[in-house]
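*Asks:* This one is start_3.cif, mmCIF, C-alpha atoms.
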data_start
loop_
_atom_site.group_PDB
_atom_site.id
_atom_site.type_symbol
_atom_site.label_atom_id
_atom_site.label_comp_id
_atom_site.auth_asym_id
_atom_site.auth_seq_id
_atom_site.Cartn_x
_atom_site.Cartn_y
_atom_site.Cartn_z
ATOM 1 C CA MET A 29 0.000 0.000 0.000
ATOM 2 C CA THR A 30 1.416 3.366 -1.006
ATOM 3 C CA ILE A 31 0.598 6.573 0.836
ATOM 4 C CA VAL A 32 1.033 9.792 -1.094
ATOM 5 C CA LYS A 33 1.672 13.066 0.766
ATOM 6 C CA GLY A 34 2.320 15.978 -1.502
ATOM 7 C CA ASP A 35 5.160 15.061 -3.866
ATOM 8 C CA ILE A 36 6.514 12.190 -1.737
ATOM 9 C CA ALA A 37 5.200 8.610 -1.820
ATOM 10 C CA TYR A 38 5.634 6.385 1.228
ATOM 11 C CA THR A 39 5.330 2.622 1.287
ATOM 12 C CA ALA A 40 4.173 0.540 4.214
ATOM 13 C CA GLY A 41 6.912 -0.565 6.598
ATOM 14 C CA MET A 42 6.136 -4.250 6.212
ATOM 15 C CA ALA A 43 5.874 -6.428 3.118
ATOM 16 C CA GLU A 44 2.613 -8.073 2.247
ATOM 17 C CA PRO A 45 2.429 -11.795 2.926
ATOM 18 C CA ALA A 46 3.070 -14.108 -0.006
ATOM 19 C CA PRO A 47 0.018 -15.717 -1.507
ATOM 20 C CA ALA A 48 -0.657 -19.237 -0.247
ATOM 21 C CA GLN A 49 0.458 -21.917 -2.691
ATOM 22 C CA ASP A 50 -0.977 -25.377 -2.987
ATOM 23 C CA ASP A 51 2.118 -27.606 -3.086
ATOM 24 C CA ALA A 52 0.265 -30.860 -2.759
ATOM 25 C CA PRO A 53 2.316 -33.612 -4.382
ATOM 26 C CA SER A 54 0.983 -35.053 -7.588
ATOM 27 C CA LEU A 55 -0.235 -38.630 -7.453
ATOM 28 C CA ASP A 56 0.377 -39.161 -11.149
ATOM 29 C CA PRO A 57 3.007 -41.935 -11.452
ATOM 30 C CA ARG A 58 4.508 -40.343 -14.573
ATOM 31 C CA ALA A 59 4.903 -37.020 -12.759
ATOM 32 C CA ILE A 60 6.583 -38.774 -9.824
ATOM 33 C CA GLU A 61 8.987 -40.583 -12.166
ATOM 34 C CA ARG A 62 9.717 -37.287 -13.988
ATOM 35 C CA ASN A 63 10.527 -35.618 -10.664
ATOM 36 C CA TYR A 64 12.858 -38.487 -9.672
ATOM 37 C CA ARG A 65 14.640 -38.284 -13.022
ATOM 38 C CA ARG A 66 14.978 -34.506 -12.735
ATOM 39 C CA GLU A 67 16.458 -34.760 -9.233
ATOM 40 C CA ARG A 68 18.876 -37.505 -10.311
ATOM 41 C CA ALA A 69 19.962 -35.351 -13.261
ATOM 42 C CA ARG A 70 20.506 -32.386 -10.929
ATOM 43 C CA ARG A 71 22.648 -34.496 -8.581
ATOM 44 C CA ARG A 72 24.622 -35.895 -11.515
ATOM 45 C CA ALA A 73 25.202 -32.390 -12.888
ATOM 46 C CA LYS A 74 26.358 -31.196 -9.458
ATOM 47 C CA VAL A 75 28.877 -34.057 -9.184
ATOM 48 C CA GLU A 76 30.081 -33.368 -12.731
ATOM 49 C CA ARG A 77 30.575 -29.675 -11.947
ATOM 50 C CA ARG A 78 32.649 -30.557 -8.865
ATOM 51 C CA SER A 79 34.864 -32.919 -10.826
ATOM 52 C CA ALA A 80 35.234 -30.361 -13.625
ATOM 53 C CA VAL A 81 36.382 -27.778 -11.072
ATOM 54 C CA LYS A 82 38.912 -30.235 -9.632
ATOM 55 C CA ARG A 83 40.240 -31.028 -13.116
ATOM 56 C CA SER A 84 40.534 -27.349 -13.970
ATOM 57 C CA ASN A 85 42.468 -26.722 -10.727
ATOM 58 C CA VAL A 86 44.895 -29.513 -11.610
ATOM 59 C CA ARG A 87 45.312 -28.138 -15.160
ATOM 60 C CA PHE A 88 46.021 -24.675 -13.752
ATOM 61 C CA TRP A 89 48.738 -25.864 -11.342
ATOM 62 C CA VAL A 90 50.371 -28.137 -13.923
ATOM 63 C CA THR A 91 50.438 -25.309 -16.464
ATOM 64 C CA LEU A 92 51.843 -22.909 -13.866
ATOM 65 C CA PHE A 93 54.572 -25.404 -12.932
ATOM 66 C CA VAL A 94 55.513 -25.979 -16.589
ATOM 67 C CA LEU A 95 55.654 -22.247 -17.277
ATOM 68 C CA ALA A 96 57.785 -21.654 -14.179
ATOM 69 C CA PHE A 97 60.158 -24.443 -15.243
ATOM 70 C CA VAL A 98 60.452 -23.085 -18.798
ATOM 71 C CA THR A 99 61.025 -19.565 -17.458
ATOM 72 C CA ALA A 100 63.726 -20.750 -15.046
ATOM 73 C CA PHE A 101 65.389 -22.725 -17.848
ATOM 74 C CA ALA A 102 65.346 -19.690 -20.171
ATOM 75 C CA ILE A 103 66.796 -17.434 -17.462
ATOM 76 C CA LEU A 104 69.580 -19.905 -16.685
ATOM 77 C CA ALA A 105 70.362 -20.366 -20.380
ATOM 78 C CA ALA A 106 70.477 -16.598 -20.919
ATOM 79 C CA TRP A 107 72.706 -16.179 -17.845
ATOM 80 C CA HIS A 108 75.053 -18.846 -19.143
ATOM 81 C CA GLU A 109 75.252 -17.130 -22.550
ATOM 82 C CA VAL A 110 75.942 -13.746 -20.924
ATOM 83 C CA GLN A 111 78.771 -15.296 -18.862
ATOM 84 C CA LYS A 112 80.228 -16.977 -21.914
ATOM 85 C CA LEU A 113 79.940 -13.829 -24.066
ATOM 86 C CA PHE A 114 81.428 -11.376 -21.567
ATOM 87 C CA GLY A 115 83.756 -13.818 -19.801
ATOM 88 C CA VAL A 116 82.303 -13.168 -16.388
#
Please render this file's structure as structure tokens.
*Replies:*
Amino acid sequence: MTIVKGDIAYTAGMAEPAPAQDDAPSLDPRAIERNYRRERARRRAKVERRSAVKRSNVRFWVTLFVLAFVTAFAILAAWHEVQKLFGV
């Protein structure tokens, strides 16, 4: 409910209650089977997402390790060449 005073509109301090919903379960066997299948698919998707996250974490750390190794190798090779070139 909105109260208007002059140019300013005020709303009630409390929200209106949500309309009552009839969540009675369906007794249709096909609907029950559909709900079971949907829930199983949701659980399967959740497990797949977790394993995908774990695999992506492993890929990240392996890639980071390989890049660090290649970088260290390149730095050492460059340092060796500088020593050889300038006789340090």
*Asks:* Any idea what the distance is between atom CA of A:Arg72 and atom CA of A:Ser84?
*Replies:* 18.2 Å
*Asks:* Which distance in Å separates atom CA of A:Val116 and atom CA of A:Val98, to one decimal?
*Replies:*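 Between these atoms lies a distance of 24.1 Å.
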*Asks:* Output as JSON the centre and edge lengths (Å, one decimal) of the box along x, y and z of the file that holds every listed atom of stretch 72-85 of chain A after adding 8 Å on each side.
*Replies:*
{"center_x": 33.5, "center_y": -31.3, "center_z": -11.4, "size_x": 33.8, "size_y": 25.2, "size_z": 21.1}
*Asks:* What does the distance between atom CA of A:Ala80 and atom CA of A:Asn63 come to in Å, to one decimal place?
*Replies:*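 Computing it gives 25.4 Å between the two atoms.
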